[in-house]
Protein chains: 2
Amino acid sequence: MDYNSKQIEILNVSLKLFAEKGFDGTSIRDIAKAADINVAMVSYYFGSKEKLLEAIVLYRVSGFRMILENLQFEEITPIEKIKKFVALYVTKLFQNKDFYQIIHFEIVNQKRACDFSAFSEIKKKNLLLLENIIAEGQKAGVFKANCNSLLIPALVIGTFSQIHNNKKFYIEMMNLKDEVEFEKYMLNDFKEEITNVVLGMLIK
Amino acid sequence: MDYNSKQIEILNVSLKLFAEKGFDGTSIRDIAKAADINVAMVSYYFGSKEKLLEAIVLYRVSGFRMILENLQFEEITPIEKIKKFVALYVTKLFQNKDFYQIIHFEIVNQKRACDFSAFSEIKKKNLLLLENIIAEGQKAGVFKANCNSLLIPALVIGTFSQIHNNKKFYIEMMNLKDEVEFEKYMLNDFKEEITNVVLGMLIK
DNA sequence: GACAAAATTAAACAATCGTTTAATTTAAAC
DNA sequence: GTTTAAATTAAACGATTGTTTAATTTTGTC
């Protein structure tokens with residue numbers, strides 16, 4: 001799939017709108033207005049609104065080229081690898097939060113006949129990588145024998161989403177002055193805190 | 001607010017449908033069909049579709065009578081209190097997962113002019129209770145001095161939601177045989193695992 | 001500059017949306 | 001049994017939905 005600049009504009013605009021207002025809450029006319037195009041262009045380029053959603057998913061997933069994969073071959077301790085793993089994960093969540101917002105709603109909301117297997121495959125690969133790091137740490141005698149690796153990505157993604165979705169609540173509770181400070185918190189303090197939680201689950 | 005049995009039926013049916021297909025993805029005719037009523041009855045009883053959503057929120061929140069509050073006065077150690085706190089939290093999440101599904105989407109999706117302050121107030125009260133337990137544990141010398149109490153409910157709710165929203169993925173990854181086994185996992189093993197994570201964050 | 005393909009447009013399409021109407025049935029009160 | 005209010009209904013309302021049409025403009029090619 002190679003899209004021209006106008007198609008990419010449509011993909012980005014509708015990604016943002018779908019994340020903000022939901023797929024059903026966003027009309028093609030909303031998209032057309034925001035992307036400054038005619039209503040017919042979505043059907044013309046993508047076939048239908050639902051196919052546009054599929055195009056968004058494929059477009060973003062294909063951009064998910066595993067930054068994580070290189071971790072395997074770095075010559076650092078398992079603990080350092082876990083730190084990097086979580087840090088990269090949080091950064092990626094932050095950069096793609098709109099995408100995650102959409103996809104997680106659409107996965108629950110099984111209404112759409114949308115294929116998310118490409119997304120599942122990436123999750124499986126990430127999980128396998130994590131298991132390898134943990135096994136490495138167990139072999140080295142620094143990690144506990146019994147730890148549920150499946151819980152870790154769920155914990156990182158879930159906690160991140162939970163806080164980000166309730167942004168206003170947490171800005172108030174943490175006495176932050178604006179959204180900029182909140183985003184700084186997520187990329188710095190939160191990243192560190194959640195890393196420590198994960199390390200606490202693993203280290204003996 | 002006291003609703004008759006027919007109104008409660010509408011509230012329950014639309015709660016389920018909104019959780020499954022989203023607010024915008026559910027039509028009043030869908031609700032009417034599922035609740036076996038005429039389409040006009042929703043407007044007749046609740047005024048509008050949006051007011052029905054508000055009624056659902058108020059109806060469920062009012063039922064959220066703090067089981068947690070009694071924890072304060074129990075004569076058990078802070079560690080036991082945290083264990084009970086998390087266990088009650090997970091149970092409540094499980095029982096109200098449809099409601100959480102709706103409210104979390106609607107909080108992000110600021111489209112609706114819906115008042116969720118009643119929900120925020122409950123969250124604040126729960127947070128205060130948790131802070132008291134933690135302070136108690138710190139005074140007793142069993143909990144760390146620096147721990148972000150705000151992170152704990154986010155972690156419990158977030159991880160729970162993340163796993164529950166990706167039910168199919170986790171059933172496959174955990175080699176569970178059906179949804180019944182999955183629900184058992186959530187109420188037993190998961191509850192224990194997430195409790196240990198929280199305790200790991202707190203205990204010295 | 002003529003031609004063909006692609007891009008873009010405004011208009012119309014039928015379907016569905018939430019809501020209202022006005023008529024009818026049911027229930028309760030006396 | 002009559003009266004009155006509440007509950008329920010089918011039908012219609014105008015607005016909006018996703019999509020298609022057919023006409024027009026733009027673009028690229030020779």
# chains A, B, ... in the order shown; residues from 1 in each chain; ligands from 1
>>> residues_around(residues="Leu53 of chain A", least_positions_apart="5", cutoff="12 Å", atoms="only C-alpha atoms (C1' of nucleotides)", output="short mmCIF file (atom, residue, chain, number, x, y, z; two decimals) with N, CA and C atoms, in the first residue's frame")
data_model
loop_
_atom_site.label_atom_id
_atom_site.label_comp_id
_atom_site.auth_asym_id
_atom_site.auth_seq_id
_atom_site.Cartn_x
_atom_site.Cartn_y
_atom_site.Cartn_z
N ILE A 10 -6.11 12.04 4.93
CA ILE A 10 -7.40 11.46 5.33
C ILE A 10 -7.20 10.43 6.45
N LEU A 11 -6.19 9.59 6.30
CA LEU A 11 -5.91 8.56 7.31
C LEU A 11 -5.62 9.21 8.66
N ASN A 12 -4.79 10.26 8.65
CA ASN A 12 -4.42 10.91 9.91
C ASN A 12 -5.58 11.66 10.55
N VAL A 13 -6.32 12.38 9.72
CA VAL A 13 -7.45 13.14 10.23
C VAL A 13 -8.51 12.22 10.83
N SER A 14 -8.80 11.14 10.12
CA SER A 14 -9.85 10.25 10.63
C SER A 14 -9.37 9.45 11.83
N LEU A 15 -8.07 9.15 11.88
CA LEU A 15 -7.52 8.52 13.08
C LEU A 15 -7.81 9.38 14.29
N LYS A 16 -7.53 10.68 14.15
CA LYS A 16 -7.73 11.61 15.26
C LYS A 16 -9.22 11.70 15.64
N LEU A 17 -10.06 11.83 14.63
CA LEU A 17 -11.50 11.98 14.90
C LEU A 17 -12.09 10.70 15.50
N PHE A 18 -11.71 9.55 14.96
CA PHE A 18 -12.20 8.27 15.50
C PHE A 18 -11.79 8.13 16.96
N ALA A 19 -10.56 8.54 17.28
CA ALA A 19 -10.09 8.45 18.66
C ALA A 19 -10.88 9.39 19.57
N GLY A 22 -15.07 8.45 18.49
CA GLY A 22 -15.48 7.10 18.17
C GLY A 22 -15.78 6.93 16.69
N PHE A 23 -15.75 5.71 16.24
CA PHE A 23 -16.02 5.42 14.83
C PHE A 23 -17.46 5.78 14.47
N ASP A 24 -18.39 5.30 15.27
CA ASP A 24 -19.80 5.59 15.00
C ASP A 24 -20.15 7.06 15.25
N THR A 26 -18.30 9.54 14.47
CA THR A 26 -17.68 10.38 13.44
C THR A 26 -18.32 10.11 12.10
N ILE A 28 -18.67 10.74 7.89
CA ILE A 28 -17.77 11.00 6.76
C ILE A 28 -17.72 12.50 6.46
N VAL A 42 -13.71 9.86 0.35
CA VAL A 42 -13.42 8.72 1.22
C VAL A 42 -13.81 7.42 0.51
N SER A 43 -15.01 7.41 -0.05
CA SER A 43 -15.44 6.22 -0.80
C SER A 43 -14.56 6.03 -2.03
N PHE A 46 -11.00 4.87 -0.51
CA PHE A 46 -10.92 3.70 0.39
C PHE A 46 -12.07 2.71 0.23
N GLY A 47 -13.10 3.09 -0.52
CA GLY A 47 -14.21 2.17 -0.76
C GLY A 47 -15.39 2.41 0.15
N SER A 48 -15.11 2.47 1.45
CA SER A 48 -16.19 2.69 2.41
C SER A 48 -15.59 3.18 3.73
N LEU A 58 -4.11 -1.08 9.19
CA LEU A 58 -2.98 -1.64 8.44
C LEU A 58 -1.85 -0.63 8.30
N TYR A 59 -2.23 0.61 8.05
CA TYR A 59 -1.24 1.66 7.85
C TYR A 59 -0.40 1.87 9.10
N ARG A 60 -1.06 1.89 10.26
CA ARG A 60 -0.34 2.10 11.51
C ARG A 60 0.45 0.87 11.92
N PHE A 99 -4.28 5.81 18.17
CA PHE A 99 -4.46 4.53 17.51
C PHE A 99 -4.92 3.46 18.50
N ILE A 102 -8.60 3.84 19.48
CA ILE A 102 -9.53 3.30 18.50
C ILE A 102 -9.56 1.78 18.53
N ILE A 103 -8.39 1.21 18.43
CA ILE A 103 -8.31 -0.24 18.25
C ILE A 103 -8.87 -0.97 19.46
N GLU A 106 -12.60 -0.83 19.32
CA GLU A 106 -13.13 -1.65 18.22
C GLU A 106 -12.95 -3.13 18.47
N ARG A 112 -17.93 -4.33 14.20
CA ARG A 112 -17.27 -4.22 12.90
C ARG A 112 -16.66 -5.55 12.49
N ALA A 113 -16.76 -5.83 11.21
CA ALA A 113 -16.13 -7.03 10.67
C ALA A 113 -14.71 -6.68 10.26
N CYS A 114 -13.93 -6.23 11.24
CA CYS A 114 -12.60 -5.70 10.97
C CYS A 114 -11.56 -6.72 11.40
N ASP A 115 -10.52 -6.85 10.60
CA ASP A 115 -9.49 -7.85 10.87
C ASP A 115 -8.33 -7.20 11.63
N PHE A 116 -8.17 -7.59 12.90
CA PHE A 116 -7.11 -7.03 13.71
C PHE A 116 -5.98 -8.04 13.96
#
>>> interface_residues(of="chain B", to="chain D", cutoff="9 Å", atoms="only C-alpha atoms (C1' of nucleotides)", output="list of chain:residue names")
B:Ile37, B:Asn38, B:Ala40, B:Met41
>>> write_last_selection(atoms="N, CA, C and O atoms", output="PDB file, in the first residue's frame")
ATOM      1  N   ILE B  37     -40.043  -3.295  23.889  1.00  0.00           N
ATOM      2  CA  ILE B  37     -40.922  -2.133  24.115  1.00  0.00           C
ATOM      3  C   ILE B  37     -41.037  -1.327  22.829  1.00  0.00           C
ATOM      4  O   ILE B  37     -40.308  -1.570  21.867  1.00  0.00           O
ATOM      5  N   ASN B  38     -41.919  -0.375  22.821  1.00  0.00           N
ATOM      6  CA  ASN B  38     -42.066   0.514  21.675  1.00  0.00           C
ATOM      7  C   ASN B  38     -40.965   1.566  21.687  1.00  0.00           C
ATOM      8  O   ASN B  38     -40.513   1.989  22.754  1.00  0.00           O
ATOM      9  N   ALA B  40     -41.020   4.597  21.268  1.00  0.00           N
ATOM     10  CA  ALA B  40     -41.379   5.864  21.914  1.00  0.00           C
ATOM     11  C   ALA B  40     -41.174   5.833  23.422  1.00  0.00           C
ATOM     12  O   ALA B  40     -41.104   6.886  24.071  1.00  0.00           O
ATOM     13  N   MET B  41     -41.051   4.631  23.973  1.00  0.00           N
ATOM     14  CA  MET B  41     -41.008   4.507  25.438  1.00  0.00           C
ATOM     15  C   MET B  41     -39.749   5.100  26.066  1.00  0.00           C
ATOM     16  O   MET B  41     -39.781   5.560  27.205  1.00  0.00           O
TER      17      MET B  41
END
>>> closest_residue(among="B:Thr195, B:Ser27, B:Asn166, B:Thr91", to="chain A", atoms="only C-alpha atoms")
B:Asn166
>>> interface_residues(of="chain A", to="chain B", cutoff="6 Å", atoms="only C-alpha atoms", output="compact mmCIF listing (two decimals) with all heavy atoms, in the first residue's frame")
# COMPACT_ATOMS: atom_id res chain seq x y z
N GLU A 20 -11.17 10.57 19.06
CA GLU A 20 -11.88 11.58 19.86
C GLU A 20 -13.35 11.25 20.06
O GLU A 20 -13.88 11.32 21.17
CB GLU A 20 -11.82 12.95 19.15
CG GLU A 20 -10.66 13.82 19.57
CD GLU A 20 -10.63 15.08 18.72
OE1 GLU A 20 -11.67 15.51 18.19
OE2 GLU A 20 -9.51 15.64 18.57
N LYS A 21 -14.02 10.89 18.96
CA LYS A 21 -15.47 10.78 19.00
C LYS A 21 -15.99 9.37 18.72
O LYS A 21 -17.20 9.16 18.72
CB LYS A 21 -16.10 11.75 18.00
CG LYS A 21 -15.49 13.17 18.05
CD LYS A 21 -16.36 14.21 17.40
CE LYS A 21 -16.39 14.05 15.90
NZ LYS A 21 -17.36 14.97 15.25
N ASP A 24 -18.39 5.30 15.27
CA ASP A 24 -19.80 5.59 15.00
C ASP A 24 -20.15 7.06 15.25
O ASP A 24 -21.11 7.57 14.69
CB ASP A 24 -20.70 4.70 15.86
CG ASP A 24 -20.68 3.25 15.41
OD1 ASP A 24 -20.84 3.02 14.20
OD2 ASP A 24 -20.47 2.37 16.25
N GLY A 25 -19.37 7.70 16.10
CA GLY A 25 -19.64 9.10 16.42
C GLY A 25 -19.04 10.07 15.42
O GLY A 25 -19.24 11.28 15.53
N VAL A 108 -13.21 -4.53 21.52
CA VAL A 108 -14.31 -4.85 22.42
C VAL A 108 -15.61 -4.88 21.64
O VAL A 108 -16.37 -5.84 21.67
CB VAL A 108 -14.42 -3.81 23.55
CG1 VAL A 108 -15.57 -4.18 24.47
CG2 VAL A 108 -13.12 -3.72 24.34
N ASN A 109 -15.82 -3.81 20.92
CA ASN A 109 -17.02 -3.56 20.13
C ASN A 109 -17.00 -4.41 18.87
O ASN A 109 -16.73 -3.92 17.79
CB ASN A 109 -17.01 -2.06 19.80
CG ASN A 109 -18.17 -1.65 18.93
OD1 ASN A 109 -18.89 -2.48 18.39
ND2 ASN A 109 -18.35 -0.37 18.78
N ALA A 154 0.11 -6.19 29.72
CA ALA A 154 -1.24 -5.80 30.12
C ALA A 154 -1.18 -4.71 31.18
O ALA A 154 -1.96 -3.75 31.16
CB ALA A 154 -2.02 -7.00 30.64
N LEU A 155 -0.23 -4.88 32.09
CA LEU A 155 -0.08 -3.92 33.18
C LEU A 155 0.41 -2.56 32.66
O LEU A 155 -0.10 -1.51 33.05
CB LEU A 155 0.90 -4.50 34.21
CG LEU A 155 1.10 -3.74 35.50
CD1 LEU A 155 1.12 -4.73 36.65
CD2 LEU A 155 2.39 -2.96 35.48
N GLY A 158 -2.37 -1.16 30.17
CA GLY A 158 -3.58 -0.87 30.93
C GLY A 158 -3.43 0.33 31.84
O GLY A 158 -4.29 1.22 31.83
N THR A 159 -2.35 0.37 32.61
CA THR A 159 -2.15 1.49 33.52
C THR A 159 -1.98 2.80 32.74
O THR A 159 -2.57 3.83 33.09
CB THR A 159 -0.92 1.25 34.41
OG1 THR A 159 -0.98 -0.05 34.96
CG2 THR A 159 -0.87 2.28 35.53
N GLN A 162 -5.38 3.79 31.32
CA GLN A 162 -6.27 4.20 32.39
C GLN A 162 -5.98 5.64 32.82
O GLN A 162 -6.88 6.45 32.97
CB GLN A 162 -6.10 3.25 33.58
CG GLN A 162 -6.94 3.59 34.80
CD GLN A 162 -8.42 3.52 34.51
OE1 GLN A 162 -8.85 2.89 33.55
NE2 GLN A 162 -9.21 4.20 35.32
N ASN A 165 -6.70 8.08 29.78
CA ASN A 165 -8.12 8.27 29.50
C ASN A 165 -8.80 9.13 30.55
O ASN A 165 -9.83 9.73 30.29
CB ASN A 165 -8.83 6.92 29.41
CG ASN A 165 -8.44 6.15 28.17
OD1 ASN A 165 -7.82 6.70 27.26
ND2 ASN A 165 -8.79 4.89 28.13
>>> closest_residue(among="C:DA29, C:DA5, C:DA11, C:DC17", to="chain B", atoms="only C-alpha atoms (C1' of nucleotides)")
C:DC17
>>> select_by_dssp(residues="segment 6-165 of chain A", states="helix (DSSP H, G or I)", output="PyMOL selection string")
chain A and resi 6-21+28-35+40-46+49-62+68-73+78-95+97-108+117-139+151-165
>>> write_last_selection(atoms="C-alpha atoms", output="CSV table (one decimal), in the first residue's frame")
chain,number,residue,atom,x,y,z
A,6,LYS,CA,-4.0,13.4,0.3
A,7,GLN,CA,-4.8,9.8,1.3
A,8,ILE,CA,-2.4,10.0,4.2
A,9,GLU,CA,-4.0,13.3,5.3
A,10,ILE,CA,-7.4,11.5,5.3
A,11,LEU,CA,-5.9,8.6,7.3
A,12,ASN,CA,-4.4,10.9,9.9
A,13,VAL,CA,-7.5,13.1,10.2
A,14,SER,CA,-9.8,10.3,10.6
A,15,LEU,CA,-7.5,8.5,13.1
A,16,LYS,CA,-7.7,11.6,15.3
A,17,LEU,CA,-11.5,12.0,14.9
A,18,PHE,CA,-12.2,8.3,15.5
A,19,ALA,CA,-10.1,8.4,18.7
A,20,GLU,CA,-11.9,11.6,19.9
A,21,LYS,CA,-15.5,10.8,19.0
A,28,ILE,CA,-17.8,11.0,6.8
A,29,ARG,CA,-18.8,14.6,6.5
A,30,ASP,CA,-16.9,15.3,9.7
A,31,ILE,CA,-13.8,13.8,8.2
A,32,ALA,CA,-14.4,15.6,4.9
A,33,LYS,CA,-14.6,18.9,6.7
A,34,ALA,CA,-11.6,18.3,8.9
A,35,ALA,CA,-9.5,17.1,5.9
A,40,ALA,CA,-17.2,11.4,-2.0
A,41,MET,CA,-13.4,11.2,-1.6
A,42,VAL,CA,-13.4,8.7,1.2
A,43,SER,CA,-15.4,6.2,-0.8
A,44,TYR,CA,-13.4,7.1,-3.9
A,45,TYR,CA,-10.1,6.3,-2.2
A,46,PHE,CA,-10.9,3.7,0.4
A,49,LYS,CA,-16.0,4.0,5.9
A,50,GLU,CA,-15.3,0.6,7.3
A,51,LYS,CA,-12.6,0.0,4.8
A,52,LEU,CA,-11.1,3.3,5.9
A,53,LEU,CA,-10.9,2.0,9.4
A,54,GLU,CA,-9.1,-1.2,8.2
A,55,ALA,CA,-6.8,1.0,6.1
A,56,ILE,CA,-5.9,3.0,9.2
A,57,VAL,CA,-5.2,-0.2,11.2
A,58,LEU,CA,-3.0,-1.6,8.4
A,59,TYR,CA,-1.2,1.7,7.8
A,60,ARG,CA,-0.3,2.1,11.5
A,61,VAL,CA,0.5,-1.5,12.2
A,62,SER,CA,2.9,-1.6,9.2
A,68,LEU,CA,11.9,-3.7,20.2
A,69,GLU,CA,13.4,-6.5,18.2
A,70,ASN,CA,16.9,-5.0,18.3
A,71,LEU,CA,16.8,-5.3,22.1
A,72,GLN,CA,17.5,-9.1,21.8
A,73,PHE,CA,20.9,-8.5,20.5
A,78,PRO,CA,18.5,-8.6,31.6
A,79,ILE,CA,17.5,-5.9,34.1
A,80,GLU,CA,18.7,-3.2,31.7
A,81,LYS,CA,16.8,-4.9,28.9
A,82,ILE,CA,13.6,-4.8,30.9
A,83,LYS,CA,14.2,-1.2,31.7
A,84,LYS,CA,14.6,-0.5,28.0
A,85,PHE,CA,11.7,-2.7,27.1
A,86,VAL,CA,9.3,-0.8,29.3
A,87,ALA,CA,10.7,2.6,28.3
A,88,LEU,CA,10.2,1.8,24.6
A,89,TYR,CA,6.8,0.4,25.3
A,90,VAL,CA,5.6,3.6,27.1
A,91,THR,CA,7.1,5.9,24.4
A,92,LYS,CA,5.3,3.9,21.8
A,93,LEU,CA,2.1,4.0,23.7
A,94,PHE,CA,2.4,7.7,24.0
A,95,GLN,CA,3.1,8.2,20.3
A,97,LYS,CA,-2.3,6.7,21.9
A,98,ASP,CA,-5.0,7.7,19.4
A,99,PHE,CA,-4.5,4.5,17.5
A,100,TYR,CA,-4.7,2.4,20.7
A,101,GLN,CA,-7.8,4.3,21.7
A,102,ILE,CA,-9.5,3.3,18.5
A,103,ILE,CA,-8.3,-0.2,18.3
A,104,HIS,CA,-9.1,-1.1,21.8
A,105,PHE,CA,-12.6,0.2,21.5
A,106,GLU,CA,-13.1,-1.6,18.2
A,107,ILE,CA,-11.7,-4.9,19.6
A,108,VAL,CA,-14.3,-4.9,22.4
A,117,SER,CA,-5.0,-10.1,13.4
A,118,ALA,CA,-2.0,-8.0,12.2
A,119,PHE,CA,-2.1,-6.2,15.5
A,120,SER,CA,-2.4,-9.5,17.5
A,121,GLU,CA,0.7,-10.8,15.7
A,122,ILE,CA,2.8,-7.9,16.8
A,123,LYS,CA,1.6,-8.3,20.3
A,124,LYS,CA,2.6,-12.0,20.2
A,125,LYS,CA,6.0,-11.2,18.9
A,126,ASN,CA,6.6,-8.6,21.7
A,127,LEU,CA,5.4,-11.1,24.2
A,128,LEU,CA,7.9,-13.7,22.9
A,129,LEU,CA,10.7,-11.2,23.2
A,130,LEU,CA,9.8,-10.4,26.7
A,131,GLU,CA,9.7,-14.1,27.6
A,132,ASN,CA,13.2,-14.5,26.2
A,133,ILE,CA,14.5,-11.6,28.4
A,134,ILE,CA,12.8,-13.0,31.4
A,135,ALA,CA,14.2,-16.5,30.8
A,136,GLU,CA,17.6,-14.9,30.4
A,137,GLY,CA,17.3,-13.2,33.7
A,138,GLN,CA,16.1,-16.4,35.4
A,139,LYS,CA,19.1,-18.3,34.0
A,151,LEU,CA,0.7,-9.8,32.9
A,152,ILE,CA,3.4,-7.3,32.2
A,153,PRO,CA,2.4,-5.8,28.8
A,154,ALA,CA,-1.2,-5.8,30.1
A,155,LEU,CA,-0.1,-3.9,33.2
A,156,VAL,CA,1.9,-1.3,31.2
A,157,ILE,CA,-0.7,-0.7,28.5
A,158,GLY,CA,-3.6,-0.9,30.9
A,159,THR,CA,-2.2,1.5,33.5
A,160,PHE,CA,-1.0,3.9,30.8
A,161,SER,CA,-4.4,3.9,29.1
A,162,GLN,CA,-6.3,4.2,32.4
A,163,ILE,CA,-4.3,7.3,33.4
A,164,HIS,CA,-4.4,8.8,30.0
A,165,ASN,CA,-8.1,8.3,29.5
